[in-house]
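Visitor: File follows, coords.cif with mmCIF, C-alpha atoms:
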data_run
#
loop_
_atom_site.label_atom_id
_atom_site.label_comp_id
_atom_site.auth_asym_id
_atom_site.auth_seq_id
_atom_site.Cartn_x
_atom_site.Cartn_y
_atom_site.Cartn_z
CA MET A 289 98.43 115.07 348.75
CA PHE A 290 98.31 113.48 352.23
CA GLU A 291 102.10 113.80 352.47
CA ASP A 292 101.75 117.60 352.52
CA TYR A 293 99.66 117.33 355.69
CA LEU A 294 101.69 114.53 357.30
CA GLU A 295 104.82 116.66 357.22
CA HIS A 296 103.24 119.47 359.27
CA PRO A 297 105.95 120.71 361.68
CA ASP A 298 103.55 121.20 364.61
CA ARG A 299 101.98 117.74 364.53
CA HIS A 300 101.55 116.42 368.08
CA PRO A 301 103.24 113.05 368.78
CA LYS A 302 99.97 111.45 369.91
CA ASN A 303 98.25 112.72 366.76
CA ALA A 304 101.02 111.14 364.66
CA GLN A 305 100.69 107.90 366.62
CA LEU A 306 96.95 107.71 365.90
CA LEU A 307 97.55 108.41 362.23
CA ALA A 308 100.06 105.57 362.06
CA LYS A 309 97.49 103.14 363.47
CA TYR A 310 95.13 103.82 360.56
CA GLN A 311 97.81 104.15 357.89
CA ASN A 312 97.73 100.63 356.39
CA ASP A 313 94.04 100.77 355.47
CA ILE A 314 94.33 104.34 354.22
CA ASP A 315 97.19 103.33 351.92
CA LYS A 316 95.11 100.48 350.48
CA LEU A 317 92.05 102.71 350.16
CA SER A 318 94.15 105.23 348.23
CA GLU A 319 94.67 102.54 345.60
CA ILE A 320 90.92 102.54 344.96
CA PHE A 321 90.20 106.25 345.39
CA THR A 322 92.64 109.11 344.96
CA GLU A 323 93.69 110.95 348.10
CA ASP A 324 92.26 114.09 346.53
CA ASP A 325 88.85 112.40 346.16
CA LEU A 326 88.89 111.23 349.77
CA LEU A 327 89.90 114.66 351.05
CA HIS A 328 87.15 116.44 349.11
CA LEU A 329 84.58 113.80 350.03
CA MET A 330 85.05 114.29 353.75
CA THR A 331 86.16 117.93 354.05
CA GLN A 332 85.25 121.29 352.60
CA GLU A 333 87.45 124.30 352.04
CA GLN A 334 86.43 127.58 353.64
CA PRO A 335 86.94 131.02 352.03
CA ASP A 336 90.10 131.53 354.08
CA GLY A 337 91.58 128.34 352.58
CA ILE A 338 91.33 126.32 355.79
CA ARG A 339 89.62 122.95 355.55
CA LYS A 340 86.96 121.71 357.95
CA MET A 341 85.25 118.35 358.23
CA ARG A 342 82.17 117.87 356.08
CA PRO A 343 79.14 116.68 358.11
CA SER A 344 78.09 113.36 356.59
CA LEU A 345 75.38 110.84 357.28
CA ALA A 346 74.53 107.87 355.08
CA SER A 347 75.45 109.79 351.94
CA ILE A 348 79.01 108.52 351.86
CA GLU A 349 79.53 105.37 349.81
CA ILE A 350 82.77 103.45 349.60
CA PHE A 351 81.69 102.38 346.11
CA ALA A 352 81.01 105.22 343.70
CA ILE A 353 77.29 105.93 343.53
CA SER A 354 77.49 107.64 340.14
CA ALA A 355 78.60 106.41 336.74
CA SER A 356 80.90 109.39 336.27
CA MET A 357 82.90 108.37 339.37
CA SER A 358 83.04 104.69 338.47
CA ASN A 359 86.35 102.91 338.89
CA GLN A 360 85.15 99.81 337.06
CA ILE A 361 84.96 100.81 333.40
CA ASN A 362 87.26 98.00 332.30
CA PHE A 363 85.02 95.43 333.94
CA PHE A 364 82.35 96.13 331.33
CA GLN A 365 84.64 95.33 328.44
CA ASN A 366 83.31 91.84 329.05
CA THR A 367 80.03 92.10 327.14
CA ASP A 368 78.40 89.39 329.26
CA TYR A 369 78.58 91.75 332.23
CA LEU A 370 77.72 94.81 330.15
CA GLU A 371 74.57 93.17 328.80
CA LYS A 372 73.62 91.84 332.23
CA TRP A 373 73.91 95.30 333.75
CA CYS A 374 71.90 96.82 330.87
CA ALA A 375 69.19 94.18 331.38
CA LEU A 376 69.06 95.07 335.07
CA GLN A 377 68.85 98.78 334.25
CA CYS A 378 66.02 98.09 331.82
CA LYS A 379 63.98 96.51 334.62
CA GLU A 380 64.89 99.30 337.01
CA PHE A 381 63.76 101.98 334.55
CA GLU A 382 60.47 100.17 334.14
CA VAL A 383 59.98 100.41 337.90
CA LEU A 384 61.13 104.04 337.88
CA ALA A 385 58.57 104.93 335.18
CA ILE A 386 55.82 103.37 337.30
CA ASN A 387 57.14 105.24 340.33
CA ILE A 388 57.03 108.59 338.50
CA TYR A 389 53.54 107.95 337.16
CA GLY A 390 52.22 106.59 340.44
CA ARG A 391 53.10 109.65 342.51
CA THR A 392 49.85 111.32 341.41
CA SER A 393 47.81 108.27 340.47
CA ILE A 394 45.59 105.89 342.42
CA LYS A 395 47.05 103.02 340.37
CA GLN A 396 50.56 103.22 341.74
CA ASN A 397 51.77 99.82 340.57
CA LYS A 398 50.93 100.03 336.89
CA ILE A 399 50.84 102.47 334.00
CA PRO A 400 47.67 101.97 331.93
CA ASP A 401 48.27 100.29 328.58
CA LYS A 402 46.59 103.19 326.80
CA THR A 403 49.01 105.66 328.38
CA LEU A 404 52.01 103.50 327.54
CA LYS A 405 50.87 103.27 323.93
CA GLU A 406 50.53 107.06 323.68
CA ILE A 407 54.02 107.52 325.12
CA ASP A 408 55.51 104.90 322.80
CA VAL A 409 53.90 106.41 319.71
CA PHE A 410 55.35 109.82 320.58
CA LEU A 411 58.81 108.33 321.15
CA GLU A 412 58.68 106.29 317.94
CA ILE A 413 57.87 109.43 315.95
CA LEU A 414 60.74 111.26 317.68
CA LEU A 415 63.16 108.45 316.86
CA ASP A 416 62.01 108.31 313.25
CA LYS A 417 62.61 112.04 312.84
CA ALA A 418 65.99 111.71 314.57
CA SER A 419 67.05 109.06 312.04
CA LYS A 420 66.41 111.52 309.20
CA ASP A 421 67.37 114.87 310.68
CA SER A 422 70.48 115.44 312.82
CA THR A 423 68.87 118.42 314.56
CA TYR A 424 66.36 116.19 316.36
CA PRO A 425 66.91 114.75 319.84
CA PHE A 426 68.47 111.28 319.97
CA SER A 427 70.10 111.79 316.57
CA THR A 428 73.56 111.64 318.14
CA PHE A 429 72.60 108.41 319.90
CA LEU A 430 71.51 106.77 316.65
CA THR A 431 74.56 108.07 314.78
CA THR A 432 76.88 106.64 317.43
CA LEU A 433 75.21 103.23 317.15
CA ASN A 434 75.62 103.30 313.37
CA THR A 435 79.29 104.17 313.81
CA LEU A 436 79.82 101.30 316.23
CA VAL A 437 78.57 98.67 313.74
CA ASP A 438 80.74 100.07 310.93
CA GLU A 439 83.99 98.11 310.54
CA LYS A 440 85.76 101.26 309.32
CA THR A 441 85.54 102.57 312.88
CA TYR A 442 88.12 100.00 313.96
CA GLN A 443 90.58 100.13 311.07
CA ASN A 444 92.99 102.57 312.71
CA SER A 445 95.72 100.18 313.83
CA GLU A 446 97.38 102.81 316.04
CA LEU A 447 94.37 102.96 318.35
CA VAL A 448 94.38 99.22 318.92
CA HIS A 449 97.73 99.45 320.72
CA CYS A 450 97.02 102.52 322.86
CA ASP A 451 97.16 102.17 326.65
CA GLY A 452 93.51 103.06 327.07
CA LYS A 453 94.13 106.29 329.01
CA ALA A 454 92.83 108.43 326.15
CA SER A 455 89.73 106.23 325.92
CA VAL A 456 88.96 106.68 329.61
CA LEU A 457 89.43 110.45 329.40
CA SER A 458 87.14 110.53 326.36
CA HIS A 459 84.62 108.37 328.19
CA ASN A 460 84.52 110.68 331.21
CA SER A 461 84.26 113.81 329.09
CA THR A 462 81.54 112.39 326.83
CA LEU A 463 79.55 111.05 329.76
CA LYS A 464 79.62 114.38 331.57
CA ASP A 465 78.74 116.51 328.51
CA THR A 466 76.05 114.14 327.21
CA CYS A 467 74.30 113.85 330.57
CA GLU A 468 74.31 117.62 331.01
CA ASN A 469 72.87 118.10 327.52
CA ILE A 470 70.17 115.46 328.01
CA THR A 471 69.17 116.89 331.38
CA LYS A 472 69.01 120.37 329.90
CA TYR A 473 66.89 119.17 326.99
CA ILE A 474 64.33 117.00 328.82
CA THR A 475 63.73 119.80 331.34
CA SER A 476 63.45 122.49 328.66
CA SER A 477 60.13 124.20 328.03
CA ASP A 478 60.31 123.23 324.34
CA PHE A 479 60.42 119.52 325.14
CA MET A 480 57.94 119.65 328.01
CA ASN A 481 55.45 121.64 325.93
CA SER A 482 55.69 119.12 323.08
CA LEU A 483 54.59 116.21 325.26
CA PRO A 484 51.02 114.94 325.43
CA LYS A 485 49.28 115.35 328.76
CA VAL A 486 49.65 112.35 331.06
CA SER A 487 47.31 111.91 334.03
CA ASN A 488 47.80 114.69 336.58
CA LEU A 489 51.55 114.88 336.18
CA ALA A 490 53.29 118.24 336.14
CA PRO A 491 55.19 119.03 332.92
CA ARG A 492 58.61 118.21 334.41
CA ASP A 493 57.39 114.91 335.84
CA THR A 494 55.84 114.09 332.49
CA ALA A 495 59.19 114.70 330.81
CA LEU A 496 60.93 112.43 333.33
CA LEU A 497 58.30 109.75 332.71
CA PHE A 498 58.90 109.91 328.96
CA PHE A 499 62.65 109.64 329.42
CA ALA A 500 62.32 106.68 331.81
CA ARG A 501 59.99 104.94 329.36
CA PHE A 502 62.37 105.69 326.50
CA CYS A 503 65.20 103.99 328.39
CA ASP A 504 63.07 101.01 329.38
CA GLU A 505 61.44 100.35 326.00
CA PHE A 506 63.88 101.68 323.41
CA TYR A 507 67.32 102.76 324.64
CA PHE A 508 68.65 99.49 326.02
CA THR A 509 66.95 97.51 323.25
CA PHE A 510 69.01 99.51 320.74
CA LEU A 511 72.16 98.75 322.73
CA PHE A 512 71.41 95.02 322.79
CA LYS A 513 70.80 94.97 319.05
CA THR A 514 74.02 96.89 318.40
CA ILE A 515 76.07 94.47 320.49
CA ASP A 516 74.47 91.51 318.68
CA LEU A 517 75.27 93.03 315.29
CA MET A 518 78.87 93.66 316.30
CA LYS A 519 79.22 90.06 317.48
CA ASN A 520 77.63 88.63 314.34
CA ASP A 521 79.90 90.72 312.10
CA GLY A 522 82.99 89.65 314.01
CA LEU A 523 83.72 93.12 315.39
CA ILE A 524 83.33 91.89 318.98
CA LYS A 525 85.36 88.74 319.51
CA ASN A 526 85.25 86.44 322.52
CA ASN A 527 82.63 88.68 324.11
CA TYR A 528 85.22 91.36 324.77
CA LEU A 529 85.44 95.00 323.71
CA ASN A 530 88.99 94.89 322.37
CA HIS A 531 89.17 98.28 320.63
CA PRO A 532 89.25 101.74 322.28
CA ASN A 533 86.39 102.98 320.10
CA MET A 534 84.17 100.24 321.53
CA ILE A 535 84.33 101.93 324.94
CA GLN A 536 81.52 104.11 323.58
CA LEU A 537 79.18 101.18 324.30
CA ILE A 538 80.08 101.41 327.97
CA THR A 539 79.59 105.18 327.91
CA LEU A 540 76.15 104.77 326.34
CA ALA A 541 75.19 102.17 328.94
CA MET A 542 76.08 104.55 331.77
CA ILE A 543 74.19 107.60 330.50
CA PRO A 544 70.62 106.78 331.67
CA CYS A 545 71.75 105.98 335.21
CA GLU A 546 73.82 109.14 335.40
CA VAL A 547 70.97 111.33 334.13
CA MET A 548 68.32 109.98 336.49
CA ARG A 549 70.36 109.42 339.68
CA PRO A 550 70.20 113.07 340.84
CA VAL A 551 66.52 113.20 339.88
CA ILE A 552 65.72 110.22 342.10
CA ASN A 553 67.56 111.86 344.98
CA GLU A 554 65.81 115.18 344.41
CA LYS A 555 62.32 113.77 344.00
CA GLY A 556 62.58 111.08 346.63
CA TYR A 557 61.42 108.29 344.34
CA THR A 558 61.46 104.83 345.91
CA ALA A 559 62.91 103.27 342.75
CA THR A 560 66.64 102.63 342.74
CA LEU A 561 69.21 102.40 339.95
CA THR A 562 72.22 100.14 340.37
CA SER A 563 75.41 102.12 339.82
CA PRO A 564 78.25 100.53 337.80
CA ASP A 565 80.48 100.00 340.82
CA LYS A 566 77.67 98.51 342.92
CA PHE A 567 76.82 96.13 340.06
CA VAL A 568 80.44 95.01 339.87
CA PHE A 569 80.50 94.60 343.63
CA ASN A 570 77.35 92.47 343.55
CA GLU A 571 78.75 90.35 340.73
CA THR A 572 82.11 89.66 342.31
CA ILE A 573 81.12 89.08 345.93
CA PRO A 574 79.38 85.78 346.83
CA ARG A 575 75.85 86.79 347.74
CA ASN A 576 74.42 85.41 350.94
CA LYS A 577 73.02 86.95 354.08
CA GLU A 578 76.17 86.48 356.13
CA ASN A 579 78.41 88.07 353.53
CA LEU A 580 76.13 91.05 353.00
CA THR A 581 76.00 91.80 356.71
CA GLY A 582 79.75 91.53 357.06
CA ILE A 583 80.40 93.57 353.95
CA GLN A 584 78.24 96.44 355.18
CA LYS A 585 80.03 96.41 358.53
CA ASN A 586 83.41 96.45 356.78
CA ILE A 587 82.33 99.37 354.60
CA ASN A 588 81.11 101.33 357.61
CA GLN A 589 84.34 100.69 359.51
CA ILE A 590 86.40 101.83 356.52
CA LEU A 591 84.39 105.04 356.43
CA TYR A 592 84.82 105.67 360.15
CA LYS A 593 88.54 105.01 359.94
CA THR A 594 88.98 107.30 356.93
CA TYR A 595 86.91 110.10 358.47
CA ILE A 596 88.91 110.00 361.72
CA TYR A 597 92.20 109.79 359.82
CA ILE A 598 91.46 112.86 357.72
CA ALA A 599 90.34 114.83 360.78
CA LEU A 600 93.63 114.00 362.49
CA LEU A 601 95.46 114.86 359.30
CA ILE A 602 94.12 118.39 358.90
CA PHE A 603 94.18 119.19 362.64
CA PRO A 604 97.78 118.22 363.56
CA GLU A 605 97.51 119.39 367.19
CA TRP A 606 94.37 117.35 367.93
CA LYS A 607 95.11 114.41 370.25
CA PRO A 608 91.69 112.92 371.06
CA THR A 609 90.80 110.15 373.47
CA ALA A 610 88.48 107.36 372.30
CA LYS A 611 85.56 109.10 374.02
CA GLU A 612 86.38 112.39 372.27
CA ILE A 613 86.48 110.62 368.91
CA ILE A 614 82.95 109.31 369.54
CA LEU A 615 81.74 112.81 370.47
CA PHE A 616 83.42 114.14 367.32
CA LEU A 617 81.65 111.56 365.16
CA GLU A 618 78.34 112.47 366.82
CA GLY A 619 78.70 116.12 365.83
CA LYS A 620 79.95 117.70 369.05
CA SER A 621 82.39 120.61 368.87
CA LEU A 622 85.71 119.85 370.55
CA ALA A 623 88.73 121.99 371.31
CA VAL A 624 91.78 120.99 369.31
CA LYS A 625 93.91 122.27 372.18
CA LYS A 626 93.41 124.46 375.21
CA ASN A 627 92.32 127.96 374.14
CA GLY A 628 92.74 126.83 370.54
CA PRO A 629 90.43 126.27 367.55
CA THR A 630 87.59 123.76 367.66
CA ILE A 631 86.95 120.71 365.52
CA LYS A 632 83.50 119.44 364.62
CA GLY A 633 82.46 116.52 362.47
CA LEU A 634 79.50 114.22 361.97
CA LEU A 635 79.51 110.68 360.64
CA ASP A 636 76.51 108.64 361.74
CA LEU A 637 76.22 105.30 359.95
CA LYS A 638 73.55 104.00 362.30
CA SER A 639 75.80 101.82 364.44
CA THR A 640 74.14 98.94 366.25
CA ALA A 641 76.14 99.80 369.38
CA LEU A 642 73.67 100.75 372.10
CA GLY A 643 75.85 102.79 374.39
CA LEU A 644 78.93 104.99 374.44
CA PRO A 645 81.16 102.31 376.04
CA SER A 646 80.39 99.92 373.17
CA LYS A 647 81.07 102.63 370.65
CA ILE A 648 84.37 103.44 372.30
CA ASN A 649 85.36 99.79 372.04
CA ASP A 650 84.39 99.79 368.37
CA VAL A 651 86.62 102.79 367.72
CA GLY A 652 89.42 101.21 369.70
CA ARG A 653 89.31 98.13 367.49
CA LEU A 654 89.52 100.18 364.31
CA SER A 655 93.30 100.37 364.45
CA LYS A 656 93.64 96.61 364.92
CA GLU A 657 91.70 95.59 361.82
CA GLU A 658 92.59 96.15 358.19
CA TYR A 659 89.10 96.49 356.80
CA VAL A 660 90.02 97.24 353.20
CA THR A 661 92.09 94.06 353.04
CA ARG A 662 89.24 92.06 354.52
CA LEU A 663 86.71 93.58 352.15
CA LEU A 664 88.78 93.08 349.02
CA SER A 665 89.63 89.52 350.00
CA LEU A 666 85.95 88.66 349.57
CA ALA A 667 86.09 89.62 345.90
CA GLN A 668 86.46 86.60 343.69
CA THR A 669 85.37 85.45 340.29
CA LYS A 670 82.28 83.33 340.36
#
Please go through the file and, once you have read it, give me the structure as structure tokens.
Guide:
Amino acid sequence: MFEDYLEHPDRHPKNAQLLAKYQNDIDKLSEIFTEDDLLHLMTQEQPDGIRKMRPSLASIEIFAISASMSNQINFFQNTDYLEKWCALQCKEFEVLAINIYGRTSIKQNKIPDKTLKEIDVFLEILLDKASKDSTYPFSTFLTTLNTLVDEKTYQNSELVHCDGKASVLSHNSTLKDTCENITKYITSSDFMNSLPKVSNLAPRDTALLFFARFCDEFYFTFLFKTIDLMKNDGLIKNNYLNHPNMIQLITLAMIPCEVMRPVINEKGYTATLTSPDKFVFNETIPRNKENLTGIQKNINQILYKTYIYIALLIFPEWKPTAKEIILFLEGKSLAVKKNGPTIKGLLDLKSTALGLPSKINDVGRLSKEEYVTRLLSLAQTK
């Protein structure tokens, strides 16, 4: 996709020179994210078909913040990592449930035992009905688990030798559809009206509390038990998901995070959920204060470099100075050329640079460093 822009006949020589300075990192970054993803992340198309830069603050992440955008599905074929991430999510959903409950309660650090018992009884009844009637919520979840522990699921020899592409496509489709259906259901009036009253919570918050508690107390416990059964029956060997149908375990593990991530952003809850890619990142990078500081700087520099590169790409006649690049990143409108169109962007990652001269130096150094190479070189197996 970038080639279409690079071949623009009116590209100014200085613009092309600046692009070339950033090219090595952009090429490496394109191995992690598609050029289409990068273009849509940092630009938006106007009704006339012309693209403009998308104003962005701290919302851009070099590692996918959602499960549906994860590039690390294969990592979780190792069940040690899959179970470790599920255990982490279980703790995070416990905190999230407290966060939801505490928004309207004096006791913000604990849900009363009596309330938890009432929630659990309701959920246990719902699960019992789901196990007997396919029309009930969570029936599909239970059916999938039963399928996963059935050896007949893995007797199709043709699937064992597939390249995995179909499994990934199925994973993405199932994840998207399931999360949409769950979100639609738990925010439906039928479900909200069926719930017992909890504290002073509004119906929608009550529904979110019940879902968070379901994930914390039941959902991941079911996943752990299923994985144990599959190991004990010899379906999972060497702690590795070696059959395409087993990818469903990874899909199931990603659903809670994907459902609640937009809710946390919308509601402003302080609880956080660790995305798949961030978990992988944390597991493969040696964790100490020095590394974390350097990693964040590398990520920010990659983002700056990519943002500038794409701006240069879609405005071929723009030939900015270092000072103009800083003004562009700060959100100022600049003329692409005399009496020509203007360009405006915004990418503020809270740089520690105190003044414009320091920032200009930072931008000047961007072309000399290959930040993606440096970042990826830190990744190693513990």
Visitor: Please identify every residue of region 501-587 of chain A that has at least one atom no farther than 9 Å from an atom of region 400-422 of chain A, counting all atoms listed in the file, and for each give the shortest atom pair and the distance in Å to one decimal, arranged by chain then increasing number, as a tab-separated table.
Guide:
residue	atom	partner	partner_atom	distance
A:Arg501	CA	A:Ile407	CA	7.8
A:Phe502	CA	A:Leu411	CA	6.9
A:Glu505	CA	A:Asp408	CA	8.1
A:Phe506	CA	A:Leu411	CA	8.7
Visitor: When you look at Ile590 (chain A) with a cut-off of 7 Å (counting only C-alpha atoms), what residues show up, excluding the ones that are within fewer than 4 positions of it in the same chain? I need them as a list of chain:residue names.
Guide: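 Neighbouring residues, sequence-local ones excluded: A:Asn586, A:Thr594, A:Tyr659, A:Val660.
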Visitor: Next, the residues of the selection above should be written as a PDB file, keeping the file's coordinate frame with C-alpha atoms.
Guide:
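Result saved to part04.pdb:
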ATOM      1  CA  ASN A 586      83.410  96.450 356.780  1.00  0.00           C
ATOM      2  CA  THR A 594      88.980 107.300 356.930  1.00  0.00           C
ATOM      3  CA  TYR A 659      89.100  96.490 356.800  1.00  0.00           C
ATOM      4  CA  VAL A 660      90.020  97.240 353.200  1.00  0.00           C
TER       5      VAL A 660
END
Visitor: Any chance you could resolve the PyMOL selection byres ((chain A and resi 343) around 10) against this file and give the residues as a VMD selection string?
Guide: chain A and resid 330 to 332 340 to 342 344 to 345 347 617 to 619 632 to 636
Visitor: Restricting the output to C-alpha atoms, write the selected residues as a PDB file, keeping the file's coordinate frame.
Guide:
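Produced file out-v8.pdb, reproduced below:
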ATOM      1  CA  MET A 330      85.050 114.290 353.750  1.00  0.00           C
ATOM      2  CA  THR A 331      86.160 117.930 354.050  1.00  0.00           C
ATOM      3  CA  GLN A 332      85.250 121.290 352.600  1.00  0.00           C
ATOM      4  CA  LYS A 340      86.960 121.710 357.950  1.00  0.00           C
ATOM      5  CA  MET A 341      85.250 118.350 358.230  1.00  0.00           C
ATOM      6  CA  ARG A 342      82.170 117.870 356.080  1.00  0.00           C
ATOM      7  CA  SER A 344      78.090 113.360 356.590  1.00  0.00           C
ATOM      8  CA  LEU A 345      75.380 110.840 357.280  1.00  0.00           C
ATOM      9  CA  SER A 347      75.450 109.790 351.940  1.00  0.00           C
ATOM     10  CA  LEU A 617      81.650 111.560 365.160  1.00  0.00           C
ATOM     11  CA  GLU A 618      78.340 112.470 366.820  1.00  0.00           C
ATOM     12  CA  GLY A 619      78.700 116.120 365.830  1.00  0.00           C
ATOM     13  CA  LYS A 632      83.500 119.440 364.620  1.00  0.00           C
ATOM     14  CA  GLY A 633      82.460 116.520 362.470  1.00  0.00           C
ATOM     15  CA  LEU A 634      79.500 114.220 361.970  1.00  0.00           C
ATOM     16  CA  LEU A 635      79.510 110.680 360.640  1.00  0.00           C
ATOM     17  CA  ASP A 636      76.510 108.640 361.740  1.00  0.00           C
TER      18      ASP A 636
END
Visitor: Report, as JSON, the axis-aligned box around all atoms of region 307-326 of chain A present in the file, extended by 6 Å on each side; give centre and edge lengths in Å to one decimal place.
Guide:
{"center_x": 94.5, "center_y": 107.3, "center_z": 354.2, "size_x": 23.2, "size_y": 25.6, "size_z": 30.5}
Visitor: Quick one: distance from CA of Asn520 (chain A) to CA of Asn362 (chain A) in Å, one decimal?
Guide: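 Interatomic distance, CA of Asn520 (chain A) to CA of Asn362 (chain A): 22.4 Å.
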Visitor: Would you please work out which residue, of A:Cys503, A:Leu463, A:Leu307, A:Pro491, is nearest to Asp478 (chain A) when using all atoms listed in the file?
Guide: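 Closest to Asp478 (chain A) of all the choices is A:Pro491.
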